[in-house]
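Source file data_1.csv; content: CSV, C-alpha atoms and all ligand atoms.
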chain,number,residue,atom,x,y,z
A,1,MET,CA,0.0,0.0,0.0
A,2,ALA,CA,1.3,3.5,-0.9
A,3,ASP,CA,2.3,5.7,2.0
A,4,ASP,CA,0.6,8.9,3.2
A,5,ASN,CA,1.6,11.9,5.3
A,6,ARG,CA,1.5,9.8,8.4
A,7,THR,CA,4.5,7.8,7.2
A,8,PRO,CA,7.3,8.3,9.7
A,9,VAL,CA,10.6,9.6,8.2
A,10,THR,CA,14.1,9.8,9.6
A,11,VAL,CA,16.5,12.5,8.4
A,12,ILE,CA,20.2,11.9,9.0
A,13,GLY,CA,22.3,14.9,8.4
A,14,LEU,CA,21.1,18.4,9.4
A,15,GLY,CA,23.3,20.7,7.4
A,16,ALA,CA,21.6,23.4,5.4
A,17,MET,CA,20.0,20.9,3.1
A,18,GLY,CA,19.1,18.2,5.7
A,19,ARG,CA,17.4,20.9,7.9
A,20,ALA,CA,15.3,22.0,4.9
A,21,LEU,CA,14.3,18.4,4.1
A,22,ALA,CA,13.3,17.7,7.7
A,23,GLY,CA,11.4,21.0,7.8
A,24,ALA,CA,9.4,20.2,4.7
A,25,LEU,CA,8.5,16.8,6.1
A,26,LEU,CA,7.3,18.4,9.3
A,27,ASP,CA,5.3,20.9,7.3
A,28,ASN,CA,3.6,18.0,5.6
A,29,GLY,CA,2.7,16.3,8.8
A,30,HIS,CA,5.2,13.5,8.7
A,31,PRO,CA,6.3,12.2,12.1
A,32,THR,CA,10.0,13.2,11.7
A,33,THR,CA,13.0,11.9,13.6
A,34,VAL,CA,16.3,13.6,13.1
A,35,TRP,CA,19.9,12.9,13.8
A,36,ASN,CA,23.1,15.0,13.3
A,37,ARG,CA,26.7,14.7,14.4
A,38,SER,CA,26.4,18.2,16.0
A,39,ILE,CA,23.2,17.9,18.0
A,40,ASP,CA,22.7,21.7,18.3
A,41,LYS,CA,21.5,21.9,14.7
A,42,ALA,CA,18.5,19.8,15.7
A,43,LYS,CA,17.2,22.4,18.2
A,44,ARG,CA,15.0,24.4,15.9
A,45,LEU,CA,13.5,21.3,14.3
A,46,ALA,CA,12.7,19.9,17.8
A,47,VAL,CA,10.7,23.1,18.4
A,48,ARG,CA,8.8,22.4,15.2
A,49,GLY,CA,7.9,18.9,16.4
A,50,ALA,CA,10.8,16.7,15.3
A,51,THR,CA,12.0,13.9,17.5
A,52,VAL,CA,15.7,14.2,18.1
A,53,ALA,CA,17.4,10.8,18.2
A,54,ASN,CA,20.3,10.3,20.5
A,55,THR,CA,22.0,7.7,18.4
A,56,VAL,CA,22.0,6.8,14.7
A,57,GLU,CA,20.6,3.4,15.6
A,58,GLU,CA,17.6,5.0,17.4
A,59,ALA,CA,17.1,7.3,14.3
A,60,ILE,CA,17.0,4.3,11.9
A,61,ALA,CA,14.7,2.3,14.1
A,62,ALA,CA,12.2,5.2,14.3
A,63,SER,CA,11.0,5.1,10.6
A,64,PRO,CA,10.5,2.9,7.6
A,65,VAL,CA,12.0,5.6,5.4
A,66,VAL,CA,15.5,6.9,6.2
A,67,VAL,CA,16.7,9.9,4.3
A,68,VAL,CA,20.4,10.7,4.5
A,69,CYS,CA,21.9,14.0,3.3
A,70,VAL,CA,25.5,14.6,4.4
A,71,LEU,CA,28.7,16.0,3.0
A,72,ASP,CA,29.7,13.0,0.8
A,73,TYR,CA,29.4,9.2,0.4
A,74,ALA,CA,32.3,8.5,2.7
A,75,VAL,CA,30.4,10.2,5.5
A,76,VAL,CA,27.3,8.2,4.6
A,77,ARG,CA,29.2,4.9,5.0
A,78,GLU,CA,31.0,6.2,8.1
A,79,ILE,CA,27.6,6.9,9.8
A,80,LEU,CA,25.6,4.0,8.5
A,81,GLY,CA,28.3,1.3,8.0
A,82,PRO,CA,28.5,0.1,11.6
A,83,LEU,CA,24.7,-0.2,11.6
A,84,SER,CA,24.2,-1.9,8.3
A,85,GLY,CA,22.1,-4.7,9.8
A,86,SER,CA,19.5,-2.2,11.1
A,87,LEU,CA,18.6,-1.1,7.6
A,88,ALA,CA,16.8,-4.4,6.7
A,89,GLY,CA,13.2,-3.8,5.6
A,90,ARG,CA,13.6,0.0,5.4
A,91,THR,CA,14.0,2.3,2.5
A,92,LEU,CA,17.2,4.2,2.4
A,93,VAL,CA,17.0,7.4,0.4
A,94,ASN,CA,20.4,8.9,-0.1
A,95,LEU,CA,20.3,12.5,-1.2
A,96,THR,CA,24.0,13.1,-0.7
A,97,ASN,CA,25.9,14.4,-3.7
A,98,GLY,CA,28.2,11.8,-5.3
A,99,THR,CA,29.2,9.9,-8.4
A,100,PRO,CA,27.2,7.2,-10.3
A,101,LYS,CA,29.9,4.7,-9.2
A,102,GLN,CA,29.5,5.6,-5.5
A,103,ALA,CA,25.7,5.4,-5.9
A,104,ARG,CA,25.8,2.0,-7.4
A,105,GLU,CA,28.2,0.7,-4.8
A,106,THR,CA,26.0,2.1,-2.0
A,107,ALA,CA,22.9,0.5,-3.6
A,108,GLU,CA,24.7,-2.8,-3.6
A,109,TRP,CA,25.8,-2.4,0.0
A,110,ALA,CA,22.3,-1.3,1.2
A,111,THR,CA,20.4,-4.0,-0.7
A,112,GLY,CA,22.9,-6.6,0.5
A,113,TYR,CA,21.7,-5.8,4.0
A,114,GLY,CA,18.0,-6.1,3.0
A,115,ALA,CA,17.2,-2.4,2.5
A,116,ASP,CA,15.4,-0.9,-0.5
A,117,TYR,CA,17.6,1.8,-2.0
A,118,LEU,CA,16.9,5.0,-3.8
A,119,ASP,CA,19.6,7.5,-4.7
A,120,GLY,CA,18.6,11.1,-5.3
A,121,GLY,CA,20.0,14.3,-6.9
A,122,ILE,CA,18.7,17.5,-5.5
A,123,MET,CA,18.4,20.2,-8.2
A,124,ALA,CA,17.6,23.0,-5.7
A,125,VAL,CA,19.0,25.1,-2.9
A,126,PRO,CA,17.6,24.7,0.6
A,127,VAL,CA,15.2,27.6,0.4
A,128,MET,CA,13.4,25.9,-2.5
A,129,ILE,CA,12.8,22.6,-0.7
A,130,GLY,CA,9.2,21.7,-0.2
A,131,ARG,CA,8.1,23.7,-3.3
A,132,PRO,CA,7.3,22.4,-6.8
A,133,GLU,CA,10.4,24.2,-8.3
A,134,ALA,CA,12.7,21.9,-6.2
A,135,LEU,CA,13.3,19.1,-8.7
A,136,ILE,CA,14.6,16.0,-7.0
A,137,LEU,CA,15.8,13.2,-9.3
A,138,TYR,CA,15.6,9.6,-8.1
A,139,SER,CA,16.9,6.3,-9.3
A,140,GLY,CA,17.1,2.8,-7.8
A,141,SER,CA,14.3,0.6,-6.5
A,142,PRO,CA,11.1,1.2,-8.5
A,143,GLY,CA,9.1,-0.5,-5.8
A,144,ALA,CA,10.4,1.9,-3.1
A,145,PHE,CA,9.7,4.9,-5.3
A,146,GLY,CA,6.2,3.7,-6.0
A,147,LEU,CA,5.6,3.1,-2.3
A,148,HIS,CA,7.0,6.4,-1.1
A,149,GLU,CA,6.4,8.8,-4.0
A,150,ARG,CA,3.9,10.8,-1.9
A,151,THR,CA,6.3,11.2,1.0
A,152,LEU,CA,9.1,12.2,-1.4
A,153,GLY,CA,6.7,14.7,-3.0
A,154,ALA,CA,6.8,16.6,0.3
A,155,LEU,CA,10.4,17.6,-0.5
A,156,GLY,CA,9.8,18.9,-4.0
A,157,THR,CA,8.9,17.5,-7.4
A,158,ALA,CA,10.0,13.9,-7.2
A,159,THR,CA,11.1,12.6,-10.6
A,160,TYR,CA,12.0,8.9,-11.0
A,161,LEU,CA,14.5,8.1,-13.7
A,162,ASN,CA,15.0,4.3,-13.7
A,163,ALA,CA,16.2,1.3,-11.7
A,164,ASP,CA,19.9,2.1,-12.1
A,165,ALA,CA,20.9,3.7,-8.8
A,166,GLY,CA,23.7,5.6,-10.6
A,167,HIS,CA,21.5,7.5,-12.9
A,168,ALA,CA,20.2,10.2,-10.5
A,169,SER,CA,23.8,11.1,-9.7
A,170,LEU,CA,24.8,11.1,-13.3
A,171,TYR,CA,21.9,13.5,-14.3
A,172,ASP,CA,22.5,15.6,-11.2
A,173,LEU,CA,26.2,16.1,-12.0
A,174,ALA,CA,25.5,16.6,-15.7
A,175,LEU,CA,23.0,19.3,-14.9
A,176,LEU,CA,25.5,20.9,-12.5
A,177,ALA,CA,28.2,20.7,-15.2
A,178,ALA,CA,25.8,22.7,-17.5
A,179,MET,CA,25.2,25.2,-14.7
A,180,TYR,CA,28.9,25.7,-13.9
A,181,GLY,CA,29.6,26.2,-17.6
A,182,MET,CA,27.0,29.0,-17.6
A,183,PHE,CA,28.2,30.6,-14.4
A,184,GLY,CA,31.9,30.3,-15.6
A,185,GLY,CA,30.8,32.1,-18.8
A,186,PHE,CA,29.1,34.8,-16.7
A,187,TYR,CA,32.1,35.3,-14.5
A,188,GLN,CA,34.3,35.8,-17.5
A,189,ALA,CA,31.9,38.2,-19.2
A,190,ALA,CA,31.4,40.3,-16.0
A,191,ALA,CA,35.2,40.5,-15.5
A,192,MET,CA,35.6,41.6,-19.1
A,193,VAL,CA,33.1,44.5,-18.9
A,194,GLY,CA,34.2,45.2,-15.3
A,195,SER,CA,37.7,46.0,-16.6
A,196,GLU,CA,36.1,49.1,-18.1
A,197,LYS,CA,34.2,49.8,-14.8
A,198,VAL,CA,30.9,48.5,-16.0
A,199,PRO,CA,29.1,47.2,-12.9
A,200,ALA,CA,28.2,43.5,-13.1
A,201,ALA,CA,24.6,44.2,-12.0
A,202,GLU,CA,24.1,46.7,-14.8
A,203,PHE,CA,25.4,44.1,-17.4
A,204,ALA,CA,23.6,41.0,-16.0
A,205,PRO,CA,20.2,41.6,-17.6
A,206,MET,CA,21.8,41.7,-21.0
A,207,VAL,CA,23.6,38.4,-20.3
A,208,VAL,CA,20.3,36.8,-19.1
A,209,SER,CA,18.5,37.9,-22.3
A,210,TRP,CA,21.4,36.7,-24.5
A,211,LEU,CA,21.6,33.3,-22.8
A,212,ASN,CA,17.9,32.8,-23.0
A,213,ALA,CA,18.0,33.5,-26.7
A,214,MET,CA,20.9,31.0,-27.2
A,215,THR,CA,19.4,28.1,-25.2
A,216,VAL,CA,16.7,27.9,-27.9
A,217,ALA,CA,19.5,26.3,-30.1
A,218,LEU,CA,20.2,23.5,-27.7
A,219,PRO,CA,17.4,21.0,-28.8
A,220,THR,CA,18.6,21.3,-32.4
A,221,VAL,CA,22.2,20.8,-31.5
A,222,ALA,CA,21.2,17.9,-29.2
A,223,GLU,CA,19.3,16.1,-32.0
A,224,ALA,CA,22.3,16.5,-34.3
A,225,MET,CA,24.6,15.0,-31.6
A,226,ASP,CA,22.3,12.0,-31.2
A,227,THR,CA,21.9,11.2,-34.9
A,228,GLY,CA,25.4,12.2,-35.9
A,229,ALA,CA,23.7,13.9,-38.9
A,230,GLY,CA,25.8,17.0,-38.7
A,231,ALA,CA,24.5,20.5,-38.2
A,232,ASP,CA,22.7,22.6,-40.8
A,233,ASP,CA,25.3,25.1,-39.7
A,234,ASP,CA,25.2,28.8,-40.6
A,235,SER,CA,27.7,29.4,-37.7
A,236,ASN,CA,30.5,27.0,-38.8
A,237,LEU,CA,33.1,25.9,-36.3
A,238,GLN,CA,36.1,27.5,-38.0
A,239,MET,CA,34.5,30.9,-37.9
A,240,GLN,CA,33.6,30.3,-34.2
A,241,ALA,CA,37.2,29.3,-33.4
A,242,VAL,CA,38.5,32.6,-34.8
A,243,SER,CA,36.0,34.7,-32.8
A,244,PHE,CA,36.7,32.5,-29.7
A,245,ALA,CA,40.4,33.3,-30.0
A,246,ASN,CA,39.4,37.0,-30.0
A,247,ILE,CA,37.7,36.5,-26.6
A,248,LEU,CA,41.0,35.2,-25.2
A,249,SER,CA,43.0,38.0,-26.8
A,250,ALA,CA,40.5,40.7,-25.6
A,251,SER,CA,40.6,39.2,-22.1
A,252,ARG,CA,44.4,39.3,-22.0
A,253,GLU,CA,44.4,42.9,-23.4
A,254,GLN,CA,42.0,43.9,-20.6
A,255,GLY,CA,44.1,42.2,-17.9
A,256,ILE,CA,41.6,39.3,-17.3
A,257,SER,CA,42.6,35.7,-16.8
A,258,THR,CA,41.8,33.3,-19.6
A,259,GLU,CA,42.0,30.2,-17.5
A,260,LEU,CA,38.2,29.4,-17.9
A,261,LEU,CA,38.3,29.8,-21.7
A,262,GLU,CA,41.5,28.0,-22.7
A,263,PRO,CA,40.0,24.4,-22.5
A,264,MET,CA,37.2,25.4,-24.8
A,265,GLN,CA,39.7,26.9,-27.3
A,266,ALA,CA,41.7,23.7,-27.1
A,267,LEU,CA,38.6,21.6,-27.9
A,268,LEU,CA,37.7,23.8,-30.8
A,269,ASN,CA,41.2,23.6,-32.2
A,270,ARG,CA,41.3,19.8,-31.7
A,271,ALA,CA,37.9,19.3,-33.5
A,272,ILE,CA,39.0,21.4,-36.4
A,273,ALA,CA,42.4,19.7,-36.7
A,274,ALA,CA,40.8,16.2,-36.5
A,275,GLN,CA,38.1,16.9,-39.1
A,276,ARG,CA,40.1,19.0,-41.5
A,277,GLY,CA,37.5,21.8,-41.8
A,278,GLY,CA,34.5,19.5,-41.7
A,279,ALA,CA,33.9,20.0,-38.0
A,280,ASP,CA,30.6,21.4,-36.8
A,281,THR,CA,29.2,22.3,-33.4
A,282,PRO,CA,27.7,18.9,-32.7
A,283,SER,CA,31.0,17.2,-33.5
A,284,LEU,CA,32.5,18.7,-30.3
A,285,ILE,CA,30.7,16.1,-28.2
A,286,GLY,CA,32.5,13.4,-30.2
A,287,MET,CA,35.8,15.1,-29.3
A,288,LEU,CA,34.8,14.9,-25.6
A,289,ARG,CA,33.9,11.2,-25.8
A,290,THR,CA,37.4,10.5,-27.2
A,291,ASP,CA,39.3,12.9,-25.0
A,292,PRO,CA,41.9,10.9,-23.2
A,293,VAL,CA,42.0,13.4,-20.4
A,294,SER,CA,38.3,13.2,-19.7
A,295,ALA,CA,38.3,9.5,-20.0
A,296,GLY,CA,41.0,9.2,-17.4
B,301,LIG,N1,23.1,23.3,0.2
B,301,LIG,C1,22.8,23.3,-1.1
B,301,LIG,O1,22.6,24.3,-1.8
B,301,LIG,C2,22.7,21.9,-1.8
B,301,LIG,C3,22.0,21.8,-3.0
B,301,LIG,C4,21.9,20.5,-3.6
B,301,LIG,C5,22.5,19.4,-3.0
B,301,LIG,N2,23.2,19.6,-1.8
B,301,LIG,C6,23.9,18.4,-1.3
B,301,LIG,O2,23.3,18.1,0.0
B,301,LIG,C7,24.4,17.5,0.8
B,301,LIG,C8,24.4,18.2,2.1
B,301,LIG,O3,24.7,19.6,1.8
B,301,LIG,P1,24.5,20.7,2.9
B,301,LIG,O4,24.3,22.0,2.2
B,301,LIG,O5,23.6,20.3,4.0
B,301,LIG,O6,26.0,20.7,3.6
B,301,LIG,P2,26.5,21.3,5.0
B,301,LIG,O7,25.6,22.4,5.5
B,301,LIG,O8,27.9,21.5,4.9
B,301,LIG,O9,26.2,20.0,6.0
B,301,LIG,C9,27.0,18.9,5.9
B,301,LIG,C10,26.4,17.8,6.7
B,301,LIG,O10,27.3,16.7,6.7
B,301,LIG,C11,27.6,16.3,8.0
B,301,LIG,N3,29.0,15.8,8.2
B,301,LIG,C12,30.1,16.2,7.5
B,301,LIG,N4,31.1,15.4,7.8
B,301,LIG,C13,30.7,14.5,8.7
B,301,LIG,C14,31.3,13.4,9.5
B,301,LIG,N5,32.6,13.1,9.3
B,301,LIG,N6,30.5,12.7,10.3
B,301,LIG,C15,29.2,13.0,10.4
B,301,LIG,N7,28.5,14.0,9.8
B,301,LIG,C16,29.3,14.7,8.9
B,301,LIG,C17,27.5,17.6,8.8
B,301,LIG,O11,27.4,17.4,10.2
B,301,LIG,P3,27.8,18.5,11.3
B,301,LIG,O12,26.6,19.5,11.3
B,301,LIG,O13,28.0,17.8,12.5
B,301,LIG,O14,29.0,19.2,10.7
B,301,LIG,C18,26.2,18.1,8.2
B,301,LIG,O15,25.1,17.5,8.7
B,301,LIG,C19,25.7,17.6,0.0
B,301,LIG,O16,26.0,16.3,-0.6
B,301,LIG,C20,25.4,18.6,-1.0
B,301,LIG,O17,26.1,18.5,-2.2
B,301,LIG,C21,23.3,20.8,-1.2
Would you write out, as C-alpha cells, the structure that this file holds?
Amino acid sequence: MADDNRTPVTVIGLGAMGRALAGALLDNGHPTTVWNRSIDKAKRLAVRGATVANTVEEAIAASPVVVVCVLDYAVVREILGPLSGSLAGRTLVNLTNGTPKQARETAEWATGYGADYLDGGIMAVPVMIGRPEALILYSGSPGAFGLHERTLGALGTATYLNADAGHASLYDLALLAAMYGMFGGFYQAAAMVGSEKVPAAEFAPMVVSWLNAMTVALPTVAEAMDTGAGADDDSNLQMQAVSFANILSASREQGISTELLEPMQALLNRAIAAQRGGADTPSLIGMLRTDPVSAG
C-alpha cells in the first residue's frame, strides 16, 4: 500500500539541506526523527515537532523511510556502515551528492543488508525545498519509489528516472556541469566589462537575455549530436574558433585571466584539426567522448 503523510521519516544529516528536508517533512505532517553529528543543529527542528534521536541506531529504528543527506558518500558509510544490519526492511533514500559509481556501490551495499535503496539528486537550494520548483531526481528501487512517492513529494517535485541507482547522480552532475559552464561564462563576461568599470549588476540583464536566446538552439544541437547527422550550420566551427580566440585576446588585453576559456579553445582547435575543416558544433561532443584526459 502506498504511503501517506502519516509515514514516519528519519532524516540523518542536518546541514543546510538536511534541515530544509526535515522542515518540509514536518510541514507536511510526517512524524519526523532527526539525527546529526552536531546535535545543536536539531534544536529548531525539535521546536517544530521533530523527535531528536540520541543515536543513529535510534534514528534508523524510528522510521521505515530513512533519508540521508550529508557531505559525501564517505560520511554516509562512516555513519551507517556500523549499523548496516539495522537497515533491513527499510527504504534508504540517499540525497547526498556523489558519483554514479558511488551510488551503485552504495545501492549494492544497502540492498545486500536487506534495504530498499533510492539514490537522489537535489536540483535545488535549501530555500526551494518543499516547493514544486525543487526538482529531485531519483533512481534505484522502482518499488520503493512507487511506495514512497507521496512522501518524497513533500520535498519537491519527485522525478523517477530508472532502476539504475547511478542515474540520479549522473543526471545531477551533468546538470551541475551545465550550470557551472553557464556561471563560468558569466564570471568571464562580468570580468571583461568590469575591466572598463561597467558594474556586473548593470550588465547582468543583457547576459540573461542573451543566454535565454541562445538556449533555444540546444534541442537542435542535441538532435544532431544524437543522430550524428551534422548540423545545418550557418555558424560554422572554424568561424567560431576565430572569434573565440578573440575572446581570449581581448581578455588578456583587458588584464583578465583566460583560465576558464582555454580548455574550450583547445577543444575547438582539436575538433577542427581532427576533421580537416568538416567540423561542426555537434561534433564537439564526439571530441569529448574520445578525450583521453576526460576518459581518465
Ligand atoms: N546546500 C545546497 O545548496 C545543496 C544543494 C543541492 C545538494 N546539496 C547536497 O546536500 C548534501 C548536504 O549539503 P549541505 O548543504 O547540507 O552541507 P552542509 O551544510 O555543509 O552540511 C554537511 C552535513 O554533513 C555532516 N557531516 C560532514 N562530515 C561529517 C562526518 N565526518 N560525520 C558525520 N557527519 C558529517 C554535517 O554534520 P555537522 O553538522 O555535525 O558538521 C552536516 O550534517 C551535500 O551532498 C550537497 O552537495 C546541497
List the spatial neighbours of A:Ala62 as number ranges by chain - criterion: any atom at most 9 Å away, all atoms listed in the file, same-chain residues fewer than 5 positions off excluded.
A: 8-10, 32-33, 53, 57
Could the residues in this selection be saved with C-alpha atoms as an mmCIF file, keeping the file's coordinate frame?
data_model
loop_
_atom_site.group_PDB
_atom_site.id
_atom_site.type_symbol
_atom_site.label_atom_id
_atom_site.label_comp_id
_atom_site.auth_asym_id
_atom_site.auth_seq_id
_atom_site.Cartn_x
_atom_site.Cartn_y
_atom_site.Cartn_z
ATOM 1 C CA PRO A 8 7.300 8.300 9.700
ATOM 2 C CA VAL A 9 10.600 9.600 8.200
ATOM 3 C CA THR A 10 14.100 9.800 9.600
ATOM 4 C CA THR A 32 10.000 13.200 11.700
ATOM 5 C CA THR A 33 13.000 11.900 13.600
ATOM 6 C CA ALA A 53 17.400 10.800 18.200
ATOM 7 C CA GLU A 57 20.600 3.400 15.600
#
Pick from A:Asp3, A:Gly121, A:Phe183, A:His167: nearest to A:Val208, with all atoms listed in the file counted?
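When distances to A:Val208 are compared using all atoms listed in the file, the smallest one comes from A:Phe183.
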Quick one: everything within 10 Å of A:Phe145, counting all atoms listed in the file, minus sequence neighbours fewer than 3 positions away in the same chain. Send it as a list in words.
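The residues that qualify are Ala2, Thr91, Val93, Asp116, Tyr117, Leu118, Tyr138, Ser139, Gly140, Ser141, Pro142, His148, Glu149, Arg150, Thr151, Leu152, Ala158, Thr159, Tyr160, Asn162 and Ala163 of chain A.
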Dump as a Markdown table the rows for residues of chain A within 8 Å of ligand LIG 301 (chain B): closest atom pair and distance in Å with one decimal, all atoms listed in the file counted, ordered by chain and rising residue number.
| residue | atom | partner | partner_atom | distance |
| --- | --- | --- | --- | --- |
| A:Ile12 | CA | B:LIG301 | O15 | 7.4 |
| A:Gly13 | CA | B:LIG301 | O15 | 3.8 |
| A:Leu14 | CA | B:LIG301 | O15 | 4.2 |
| A:Gly15 | CA | B:LIG301 | O9 | 3.3 |
| A:Ala16 | CA | B:LIG301 | O5 | 3.9 |
| A:Met17 | CA | B:LIG301 | O5 | 3.8 |
| A:Gly18 | CA | B:LIG301 | O5 | 5.2 |
| A:Arg19 | CA | B:LIG301 | O5 | 7.3 |
| A:Asn36 | CA | B:LIG301 | O15 | 5.6 |
| A:Arg37 | CA | B:LIG301 | O13 | 3.9 |
| A:Ser38 | CA | B:LIG301 | O13 | 3.9 |
| A:Ile39 | CA | B:LIG301 | O13 | 7.3 |
| A:Lys41 | CA | B:LIG301 | O12 | 6.6 |
| A:Cys69 | CA | B:LIG301 | C7 | 5.0 |
| A:Val70 | CA | B:LIG301 | O10 | 3.6 |
| A:Leu71 | CA | B:LIG301 | O10 | 4.0 |
| A:Asp72 | CA | B:LIG301 | O16 | 5.2 |
| A:Tyr73 | CA | B:LIG301 | O16 | 7.9 |
| A:Val75 | CA | B:LIG301 | C14 | 5.2 |
| A:Val76 | CA | B:LIG301 | C15 | 7.8 |
| A:Glu78 | CA | B:LIG301 | N6 | 6.9 |
| A:Ile79 | CA | B:LIG301 | C15 | 6.3 |
| A:Leu95 | CA | B:LIG301 | O2 | 6.5 |
| A:Thr96 | CA | B:LIG301 | O16 | 3.8 |
| A:Asn97 | CA | B:LIG301 | O16 | 3.6 |
| A:Gly98 | CA | B:LIG301 | O16 | 6.9 |
| A:Gly121 | CA | B:LIG301 | C5 | 6.9 |
| A:Ile122 | CA | B:LIG301 | C4 | 4.8 |
| A:Met123 | CA | B:LIG301 | C4 | 5.8 |
| A:Ala124 | CA | B:LIG301 | C3 | 5.3 |
| A:Val125 | CA | B:LIG301 | O1 | 3.8 |
| A:Pro126 | CA | B:LIG301 | O1 | 5.6 |
Quick one: residues within 8 Å of A:Ala50, all atoms listed in the file counted, chain neighbours fewer than 2 positions away excluded, as an NGL selection string?
:A and (26 or 31-34 or 45-48 or 52)
Atom CA of A:Gly166 and atom CA of A:Ala103, how far apart in Å?
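Those two atoms sit 5.1 Å apart.
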Nearest-residue call for A:Leu155, choices A:Pro263, A:Pro282, A:Gly143, A:Gly120, using all atoms listed in the file:
A:Gly120
Surrounding residues of A:Arg131 excluding itself and chain neighbours under 2 positions, 9 Å, only C-alpha atoms, as a count of residues only
11
Using only C-alpha atoms, which protein or nucleic acid residues come within 10 Å of stretch 223-226 of chain A? Drop anything in the same chain fewer than 5 positions from it, and give the result as an MDAnalysis selection string.
chainID A and resid 218 231:232 280:286
Between atom CA of A:Ile247 and atom CA of A:Leu176, distance in Å (one decimal)
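So the two atoms, atom CA of A:Ile247 and atom CA of A:Leu176, lie 24.3 Å apart.
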